[in-house]
>>> print(open('model_21.cif').read())   # mmCIF, C-alpha atoms
data_start
#
loop_
_atom_site.label_atom_id
_atom_site.label_comp_id
_atom_site.auth_asym_id
_atom_site.auth_seq_id
_atom_site.Cartn_x
_atom_site.Cartn_y
_atom_site.Cartn_z
CA MET A 104 -94.36 24.35 51.88
CA GLU A 105 -90.56 24.20 51.96
CA SER A 106 -88.33 26.86 53.42
CA ARG A 107 -86.31 27.56 50.26
CA PRO A 108 -89.23 29.00 48.22
CA LEU A 109 -90.09 31.15 51.26
CA ARG A 110 -86.55 32.51 51.37
CA TYR A 111 -86.77 33.26 47.65
CA PHE A 112 -90.09 35.00 48.15
CA VAL A 113 -88.84 37.14 51.06
CA ALA A 114 -85.84 38.30 49.01
CA VAL A 115 -88.04 39.39 46.10
CA ALA A 116 -90.63 40.94 48.44
CA GLU A 117 -87.97 43.02 50.20
CA GLU A 118 -86.10 44.05 47.06
CA LEU A 119 -89.16 44.37 44.78
CA ASN A 120 -86.74 43.60 41.98
CA PHE A 121 -85.97 40.12 40.66
CA THR A 122 -82.46 41.02 39.51
CA ARG A 123 -81.41 42.46 42.87
CA ALA A 124 -83.09 39.59 44.73
CA ALA A 125 -81.27 37.06 42.55
CA GLU A 126 -77.93 38.76 43.27
CA ARG A 127 -78.72 38.70 46.99
CA LEU A 128 -79.49 34.97 46.78
CA GLY A 129 -76.47 34.16 44.61
CA MET A 130 -78.48 32.90 41.63
CA SER A 131 -79.71 34.15 38.26
CA PRO A 132 -83.10 35.80 37.74
CA PRO A 133 -84.79 33.19 35.49
CA PRO A 134 -84.78 30.30 37.99
CA LEU A 135 -85.81 32.71 40.75
CA SER A 136 -88.76 33.88 38.66
CA ARG A 137 -89.75 30.29 37.94
CA ALA A 138 -89.56 29.40 41.65
CA ILE A 139 -91.86 32.30 42.55
CA ARG A 140 -94.32 31.34 39.80
CA LYS A 141 -94.34 27.77 41.10
CA LEU A 142 -94.98 29.00 44.66
CA GLU A 143 -97.87 31.14 43.44
CA LYS A 144 -99.33 28.18 41.56
CA GLU A 145 -99.04 25.91 44.61
CA MET A 146 -100.73 28.50 46.82
CA GLY A 147 -103.33 29.49 44.24
CA VAL A 148 -102.73 33.23 44.68
CA ASP A 149 -100.72 36.01 43.03
CA LEU A 150 -98.05 37.17 45.44
CA PHE A 151 -96.90 40.07 43.26
CA ASP A 152 -98.56 42.59 41.00
CA ARG A 153 -96.41 42.71 37.87
CA ASN A 154 -96.43 45.51 35.30
CA THR A 155 -94.05 47.25 32.92
CA HIS A 156 -92.73 49.42 35.74
CA GLY A 157 -91.73 46.52 38.00
CA VAL A 158 -93.32 44.45 40.74
CA ALA A 159 -95.25 45.25 43.89
CA LEU A 160 -96.59 43.06 46.66
CA SER A 161 -100.18 41.96 46.25
CA PRO A 162 -102.43 41.90 49.36
CA ALA A 163 -101.77 38.15 49.61
CA GLY A 164 -98.04 38.76 49.24
CA ALA A 165 -98.03 41.35 52.01
CA VAL A 166 -99.63 38.84 54.39
CA LEU A 167 -97.23 36.07 53.36
CA LEU A 168 -94.20 38.34 53.86
CA THR A 169 -95.08 38.84 57.53
CA GLU A 170 -95.83 35.16 58.08
CA ALA A 171 -92.82 33.95 56.10
CA LYS A 172 -90.42 36.01 58.18
CA ILE A 173 -91.90 34.55 61.35
CA ALA A 174 -91.67 31.01 59.96
CA LEU A 175 -88.07 31.39 58.73
CA ASN A 176 -87.00 32.98 62.01
CA ALA A 177 -88.63 30.10 63.90
CA LEU A 178 -86.74 27.52 61.83
CA GLN A 179 -83.47 29.35 62.33
CA ALA A 180 -84.15 29.76 66.04
CA ALA A 181 -84.98 26.05 66.45
CA GLU A 182 -81.66 25.10 64.85
CA ARG A 183 -79.66 27.47 67.03
CA ARG A 184 -81.41 26.45 70.24
CA ALA A 185 -80.89 22.79 69.45
CA GLN A 186 -77.19 23.42 68.85
CA ARG A 187 -76.88 25.32 72.13
CA ALA A 188 -78.78 22.62 74.02
CA ALA A 189 -76.27 20.06 72.78
CA ALA A 190 -73.31 22.07 74.12
CA THR A 191 -71.19 20.50 76.84
CA GLU A 192 -72.16 23.32 79.21
CA PRO A 193 -75.53 24.78 78.11
CA LYS A 194 -76.09 28.43 79.00
CA LEU A 195 -79.03 30.76 79.16
CA ILE A 196 -78.32 33.87 77.06
CA LEU A 197 -79.67 37.20 78.30
CA ALA A 198 -79.49 40.08 75.81
CA VAL A 199 -79.01 43.54 77.32
CA LYS A 200 -78.22 46.97 75.94
CA ALA A 201 -75.07 48.18 77.67
CA ASP A 202 -76.07 50.78 80.29
CA GLY A 203 -79.73 49.99 79.59
CA ASP A 204 -80.64 47.70 82.49
CA ALA A 205 -81.84 50.39 84.96
CA GLY A 206 -79.56 48.87 87.60
CA LEU A 207 -81.44 45.55 87.52
CA LEU A 208 -78.91 43.26 85.87
CA GLU A 209 -76.78 42.48 88.90
CA PRO A 210 -79.75 41.90 91.27
CA ILE A 211 -81.40 39.65 88.69
CA LEU A 212 -78.29 37.52 88.17
CA ALA A 213 -77.60 37.30 91.91
CA ARG A 214 -81.14 36.14 92.74
CA PHE A 215 -81.34 33.80 89.75
CA ALA A 216 -78.23 31.92 90.89
CA TRP A 217 -80.23 30.61 93.88
CA GLU A 218 -83.12 29.30 91.78
CA PRO A 219 -83.51 25.48 91.56
CA ALA A 220 -83.91 25.79 87.77
CA ALA A 221 -80.90 28.09 87.42
CA MET A 222 -78.19 27.51 84.85
CA PRO A 223 -75.16 29.59 83.85
CA VAL A 224 -76.12 32.91 82.28
CA ALA A 225 -74.17 34.51 79.44
CA VAL A 226 -74.93 38.22 79.08
CA ARG A 227 -74.94 39.34 75.46
CA LEU A 228 -74.44 43.09 75.11
CA CYS A 229 -76.18 44.59 72.11
CA GLY A 230 -77.45 47.84 70.64
CA TRP A 231 -80.84 49.51 70.87
CA HIS A 232 -83.67 47.48 69.31
CA GLU A 233 -81.43 44.44 68.60
CA GLN A 234 -82.88 42.32 71.41
CA PRO A 235 -86.20 41.30 69.77
CA GLN A 236 -84.49 39.96 66.66
CA LEU A 237 -81.91 38.08 68.76
CA LEU A 238 -84.81 36.40 70.58
CA ARG A 239 -86.64 35.51 67.37
CA GLN A 240 -83.48 34.11 65.79
CA GLY A 241 -82.65 31.90 68.77
CA GLU A 242 -79.51 33.84 69.66
CA ALA A 243 -80.90 34.81 73.07
CA ASP A 244 -83.35 33.22 75.52
CA ALA A 245 -84.49 36.41 77.26
CA ALA A 246 -83.78 40.12 76.98
CA LEU A 247 -84.04 43.33 78.95
CA VAL A 248 -85.51 45.78 76.46
CA HIS A 249 -86.98 49.26 76.55
CA GLU A 250 -90.44 49.82 75.18
CA PRO A 251 -91.67 50.29 72.55
CA PHE A 252 -90.23 47.30 70.68
CA ASP A 253 -91.34 44.81 68.03
CA ARG A 254 -93.31 42.19 69.97
CA THR A 255 -93.82 39.81 67.03
CA GLY A 256 -93.45 36.25 68.37
CA LEU A 257 -92.53 37.46 71.85
CA ASP A 258 -94.04 37.59 75.33
CA SER A 259 -92.98 40.18 77.89
CA GLU A 260 -93.45 41.48 81.41
CA THR A 261 -92.98 45.11 82.43
CA LEU A 262 -90.26 45.50 85.05
CA ILE A 263 -89.91 49.17 85.83
CA GLY A 264 -91.07 52.60 84.70
CA GLU A 265 -88.71 55.50 85.30
CA PRO A 266 -89.08 59.27 84.96
CA ARG A 267 -86.92 60.79 82.26
CA VAL A 268 -84.18 63.34 82.72
CA ALA A 269 -82.46 65.64 80.26
CA ALA A 270 -78.67 65.44 80.11
CA LEU A 271 -77.21 68.91 79.66
CA ALA A 272 -73.78 70.48 79.49
CA ALA A 273 -73.11 72.28 82.78
CA SER A 274 -72.74 75.50 80.77
CA HIS A 275 -76.15 75.08 79.09
CA PRO A 276 -78.60 77.93 79.89
CA LEU A 277 -81.21 75.40 81.10
CA ALA A 278 -78.76 73.80 83.55
CA ALA A 279 -79.55 76.51 86.10
CA ARG A 280 -83.12 75.26 86.44
CA ASP A 281 -84.17 72.55 88.89
CA GLN A 282 -86.80 71.08 86.56
CA LEU A 283 -87.61 71.28 82.86
CA THR A 284 -90.55 70.67 80.56
CA LEU A 285 -90.73 69.36 77.02
CA THR A 286 -91.44 72.89 75.85
CA ASP A 287 -88.15 74.05 77.38
CA LEU A 288 -86.42 71.48 75.17
CA GLY A 289 -88.35 72.50 72.08
CA LEU A 290 -90.37 69.29 72.05
CA ARG A 291 -94.04 68.45 71.82
CA PRO A 292 -95.46 65.26 73.38
CA ASP A 293 -95.91 63.75 69.90
CA ASP A 294 -92.21 64.33 69.16
CA VAL A 295 -90.79 62.46 72.15
CA ASP A 296 -90.68 58.92 70.74
CA ARG A 297 -89.13 60.13 67.48
CA PHE A 298 -86.62 62.25 69.40
CA ILE A 299 -85.60 59.33 71.64
CA ASN A 300 -85.37 56.87 68.76
CA GLN A 301 -83.25 59.35 66.83
CA HIS A 302 -80.60 59.24 69.55
CA ARG A 303 -80.90 55.45 69.83
CA GLY A 304 -80.55 55.02 66.10
CA GLN A 305 -77.21 56.81 66.03
CA GLY A 306 -75.64 53.75 67.66
CA ARG A 307 -73.63 55.60 70.30
CA ASP A 308 -73.05 54.04 73.70
CA LEU A 309 -73.79 56.06 76.82
CA ALA A 310 -70.18 57.12 77.37
CA GLN A 311 -69.96 58.55 73.85
CA LEU A 312 -73.32 60.28 74.17
CA LEU A 313 -72.45 61.92 77.50
CA THR A 314 -69.07 63.04 76.16
CA LEU A 315 -70.88 64.85 73.34
CA VAL A 316 -73.31 66.37 75.84
CA GLY A 317 -70.44 67.73 77.92
CA LEU A 318 -69.01 69.33 74.78
CA GLY A 319 -72.25 71.16 74.17
CA GLY A 320 -73.78 68.56 71.90
CA PRO A 321 -77.35 67.23 71.78
CA THR A 322 -79.59 67.06 74.84
CA PRO A 323 -80.92 63.48 75.12
CA LEU A 324 -83.80 62.27 77.28
CA LEU A 325 -82.59 59.41 79.47
CA PRO A 326 -84.02 57.17 82.21
CA ALA A 327 -83.60 58.74 85.64
CA SER A 328 -81.40 55.85 86.84
CA VAL A 329 -78.66 57.09 84.49
CA ALA A 330 -78.25 60.24 86.59
CA ALA A 331 -77.41 58.28 89.74
CA ARG A 332 -75.27 55.64 88.04
CA TYR A 333 -73.29 57.77 85.61
CA PRO A 334 -72.23 61.13 87.10
CA ARG A 335 -69.83 62.93 84.79
CA PRO A 336 -67.88 66.19 85.11
CA GLY A 337 -69.40 68.86 82.92
CA VAL A 338 -72.78 67.10 82.62
CA VAL A 339 -75.90 67.78 84.69
CA TYR A 340 -79.22 65.94 84.74
CA ARG A 341 -82.52 67.72 85.10
CA PRO A 342 -85.93 66.02 85.49
CA VAL A 343 -88.41 66.66 82.68
CA ALA A 344 -91.78 66.86 84.41
CA ASP A 345 -94.07 66.08 81.49
CA ALA A 346 -91.92 63.52 79.63
CA PRO A 347 -93.38 60.00 79.32
CA VAL A 348 -91.80 57.40 81.59
CA SER A 349 -89.07 55.08 80.34
CA VAL A 350 -90.38 51.51 80.52
CA LEU A 351 -88.04 48.52 80.82
CA ALA A 352 -89.41 45.02 80.19
CA ILE A 353 -88.11 41.48 80.06
CA ALA A 354 -89.04 39.64 76.86
CA TRP A 355 -88.74 36.03 75.71
CA PRO A 356 -89.93 33.90 72.74
CA GLN A 357 -93.58 32.87 72.88
CA GLN A 358 -92.71 29.27 72.08
CA SER A 359 -90.17 28.98 74.89
CA ARG A 360 -90.76 26.03 77.24
CA SER A 361 -87.52 26.50 79.17
CA THR A 362 -87.95 26.25 82.94
CA ALA A 363 -84.72 28.24 83.33
CA THR A 364 -86.09 31.09 81.21
CA ALA A 365 -89.36 31.04 83.17
CA ALA A 366 -87.38 31.22 86.42
CA LEU A 367 -85.33 34.14 85.10
CA VAL A 368 -88.49 36.06 84.18
CA ARG A 369 -89.95 35.41 87.64
CA VAL A 370 -86.74 36.54 89.34
CA ALA A 371 -86.53 39.66 87.15
CA CYS A 372 -90.04 40.73 88.16
CA SER A 373 -89.22 40.10 91.81
CA ALA A 374 -85.92 41.99 91.63
CA ALA A 375 -87.59 44.92 89.90
CA GLY A 376 -90.15 45.14 92.70
CA ILE A 377 -87.44 45.17 95.35
CA VAL A 378 -85.32 47.77 93.54
CA THR A 379 -88.35 49.98 92.92
CA GLY A 380 -89.43 49.67 96.55
CA SER A 381 -86.00 50.58 97.83
CA LYS A 382 -85.90 53.66 95.60
CA ALA A 383 -89.29 54.73 96.85
CA THR A 384 -88.09 54.67 100.48
CA ASP A 385 -84.78 56.47 99.82
#
>>> encode(input="model_21.cif", output="C-alpha cells")
Amino acid sequence: MESRPLRYFVAVAEELNFTRAAERLGMSPPPLSRAIRKLEKEMGVDLFDRNTHGVALSPAGAVLLTEAKIALNALQAAERRAQRAAATEPKLILAVKADGDAGLLEPILARFAWEPAAMPVAVRLCGWHEQPQLLRQGEADAALVHEPFDRTGLDSETLIGEPRVAALAASHPLAARDQLTLTDLGLRPDDVDRFINQHRGQGRDLAQLLTLVGLGGPTPLLPASVAARYPRPGVVYRPVADAPVSVLAIAWPQQSRSTATAALVRVACSAAGIVTGSKATD
C-alpha cells in the first residue's frame, strides 16, 4: 500500500465529503473518487457507506483511519528525524509547555549535560496538548506533558504528581479562606477534567491567565508549583483539598532507539525524584 492513497483516504474520512476533500488535496473530485474505489478494491473492503445523503465511514474505514494516521505520521517522522540526524550539529529536541515543567526543566538539562550519551538540547516551547503530535511527527524527541494526553504511538514515564491550587483575585470572597474544596468553586469531581481542559483550550499563557485572575476573571486550577514560582500582586493561591493531582510525565516515540533520548528520560526520572524529595523535606 502506497502513502498517497492513504492520504486521499484520510482527507475523505475527515471531511466525509468528496468535494471538500478534493479541495483540501488540490485536485478534482472524480480522480479522488476513483482513487478511493481502487483502494477499496485492493483491500477487498468498503471503506465508506455511500447513500443519497452523503458518505459515512464503514467499520473497516474507521479502523483504517486510525491506522492510516499512525502510518502517515510515522513516515513523516522518519523523514524529519533523518533530516535532523544529517545536520552538521544534531540536537535532541525537548517539547515543553511554557510554565508547564513543574520546575524540572533546569535540573533535567543540568544533569543531562553530564551524561555520556548527552547531546545539545533544543527546547521547543509549545501549547497545551501539542507535545504528543510533535513527537509523532518527528518534530520532537521527548516532551514534558501533563496527563491526560493522547498516548498513541508513545511511551511515557510519570515524573511528578502535584496538588492543585485555585488562583483567585485577592479581592475574591474565597481568598480569605486557607483551603478550598471543589464544592466551594462550584465544581463536581466529574467536572474537573473538563474545567481544566477548558482553560487549556483557550490558548492563554500563564502570564495572561494570571492577569485575568487579578482582574476578577476566571478561577483556574493550577499545579501547586505555580504558586511558589509565580507570585503576582493581586493574586492569591489556595489549595483545593479534594482536587485530583496534576501529573507531569515525560513522553517519547515508541519506535525511538536513540541512546540520547533514553538518557534524557532516565535523567528526568532521577531529577524528579530529587526535586520531589527536597520539597518533602522543606
>>> closest_residue(input="model_21.cif", among="A:Glu209, A:Asp244, A:Val316, A:Ile377", to="Arg360 (chain A)", atoms="all atoms listed in the file")
A:Asp244
>>> atom_distance(input="model_21.cif", atom1="CA of Ser259 (chain A)", atom2="CA of Leu367 (chain A)")
12.1 Å
>>> resolve_selection(input="model_21.cif", expression="the PyMOL selection byres ((chain A and resi 336-340) around 12)", output="MDAnalysis selection string")
chainID A and resid 266:283 310 312:335 341:343
>>> resolve_selection(input="model_21.cif", expression="the PyMOL selection byres ((chain A and resi 254) around 10)", output="JSON, numbers by chain")
{"A": [235, 236, 239, 250, 251, 252, 253, 255, 256, 257, 258, 259, 354, 355, 356, 357]}
>>> write_last_selection(input="model_21.cif", atoms="C-alpha atoms", output="short mmCIF file (atom, residue, chain, number, x, y, z; two decimals), in the coordinates of the input")
data_model
loop_
_atom_site.label_atom_id
_atom_site.label_comp_id
_atom_site.auth_asym_id
_atom_site.auth_seq_id
_atom_site.Cartn_x
_atom_site.Cartn_y
_atom_site.Cartn_z
CA PRO A 235 -86.20 41.30 69.77
CA GLN A 236 -84.49 39.96 66.66
CA ARG A 239 -86.64 35.51 67.37
CA GLU A 250 -90.44 49.82 75.18
CA PRO A 251 -91.67 50.29 72.55
CA PHE A 252 -90.23 47.30 70.68
CA ASP A 253 -91.34 44.81 68.03
CA THR A 255 -93.82 39.81 67.03
CA GLY A 256 -93.45 36.25 68.37
CA LEU A 257 -92.53 37.46 71.85
CA ASP A 258 -94.04 37.59 75.33
CA SER A 259 -92.98 40.18 77.89
CA ALA A 354 -89.04 39.64 76.86
CA TRP A 355 -88.74 36.03 75.71
CA PRO A 356 -89.93 33.90 72.74
CA GLN A 357 -93.58 32.87 72.88
#
>>> resolve_selection(input="model_21.cif", expression="the PyMOL selection byres ((chain A and resi 264) around 8)", output="list in words")
Leu262, Ile263, Glu265, Pro266, Val348, Ser349, Val350 and Leu351 of chain A
>>> build_atoms(input="model_21.cif", residues="region 278-304 of chain A", atoms="N, CA and C atoms", output="tab-separated table (two decimals), in the frame of the given file")
chain	number	residue	atom	x	y	z
A	278	ALA	N	-79.35	74.55	82.43
A	278	ALA	CA	-78.76	73.80	83.55
A	278	ALA	C	-79.01	74.49	84.89
A	279	ALA	N	-79.30	75.78	84.86
A	279	ALA	CA	-79.55	76.51	86.10
A	279	ALA	C	-80.92	76.20	86.70
A	280	ARG	N	-81.79	75.58	85.94
A	280	ARG	CA	-83.12	75.26	86.44
A	280	ARG	C	-83.12	73.93	87.18
A	281	ASP	N	-84.05	73.80	88.14
A	281	ASP	CA	-84.17	72.55	88.89
A	281	ASP	C	-85.00	71.52	88.15
A	282	GLN	N	-85.90	71.98	87.28
A	282	GLN	CA	-86.80	71.08	86.56
A	282	GLN	C	-87.14	71.69	85.22
A	283	LEU	N	-87.31	70.82	84.21
A	283	LEU	CA	-87.61	71.28	82.86
A	283	LEU	C	-88.93	70.71	82.37
A	284	THR	N	-89.38	71.22	81.25
A	284	THR	CA	-90.55	70.67	80.56
A	284	THR	C	-90.15	70.37	79.12
A	285	LEU	N	-91.01	69.65	78.43
A	285	LEU	CA	-90.73	69.36	77.02
A	285	LEU	C	-90.65	70.64	76.21
A	286	THR	N	-91.47	71.60	76.55
A	286	THR	CA	-91.44	72.89	75.85
A	286	THR	C	-90.09	73.56	75.99
A	287	ASP	N	-89.48	73.48	77.17
A	287	ASP	CA	-88.15	74.05	77.38
A	287	ASP	C	-87.14	73.45	76.40
A	288	LEU	N	-87.35	72.18	76.06
A	288	LEU	CA	-86.42	71.48	75.17
A	288	LEU	C	-86.83	71.58	73.71
A	289	GLY	N	-87.89	72.35	73.46
A	289	GLY	CA	-88.35	72.50	72.08
A	289	GLY	C	-89.07	71.29	71.55
A	290	LEU	N	-89.68	70.51	72.45
A	290	LEU	CA	-90.37	69.29	72.05
A	290	LEU	C	-91.85	69.36	72.36
A	291	ARG	N	-92.64	68.68	71.53
A	291	ARG	CA	-94.04	68.45	71.82
A	291	ARG	C	-94.21	67.00	72.24
A	292	PRO	N	-95.27	66.66	72.95
A	292	PRO	CA	-95.46	65.26	73.38
A	292	PRO	C	-95.40	64.27	72.22
A	293	ASP	N	-95.92	64.65	71.06
A	293	ASP	CA	-95.91	63.75	69.90
A	293	ASP	C	-94.51	63.54	69.33
A	294	ASP	N	-93.58	64.42	69.69
A	294	ASP	CA	-92.21	64.33	69.16
A	294	ASP	C	-91.30	63.44	69.99
A	295	VAL	N	-91.72	63.07	71.20
A	295	VAL	CA	-90.79	62.46	72.15
A	295	VAL	C	-90.25	61.13	71.65
A	296	ASP	N	-91.14	60.23	71.20
A	296	ASP	CA	-90.68	58.92	70.74
A	296	ASP	C	-89.70	59.05	69.58
A	297	ARG	N	-90.03	59.93	68.62
A	297	ARG	CA	-89.13	60.13	67.48
A	297	ARG	C	-87.80	60.69	67.95
A	298	PHE	N	-87.84	61.63	68.88
A	298	PHE	CA	-86.62	62.25	69.40
A	298	PHE	C	-85.73	61.21	70.09
A	299	ILE	N	-86.35	60.36	70.92
A	299	ILE	CA	-85.60	59.33	71.64
A	299	ILE	C	-85.03	58.30	70.68
A	300	ASN	N	-85.84	57.86	69.73
A	300	ASN	CA	-85.37	56.87	68.76
A	300	ASN	C	-84.28	57.42	67.86
A	301	GLN	N	-84.30	58.73	67.63
A	301	GLN	CA	-83.25	59.35	66.83
A	301	GLN	C	-81.89	59.19	67.51
A	302	HIS	N	-81.86	59.42	68.82
A	302	HIS	CA	-80.60	59.24	69.55
A	302	HIS	C	-80.21	57.77	69.61
A	303	ARG	N	-81.20	56.89	69.80
A	303	ARG	CA	-80.90	55.45	69.83
A	303	ARG	C	-80.35	54.98	68.49
A	304	GLY	N	-80.93	55.48	67.42
A	304	GLY	CA	-80.55	55.02	66.10
A	304	GLY	C	-79.15	55.43	65.68
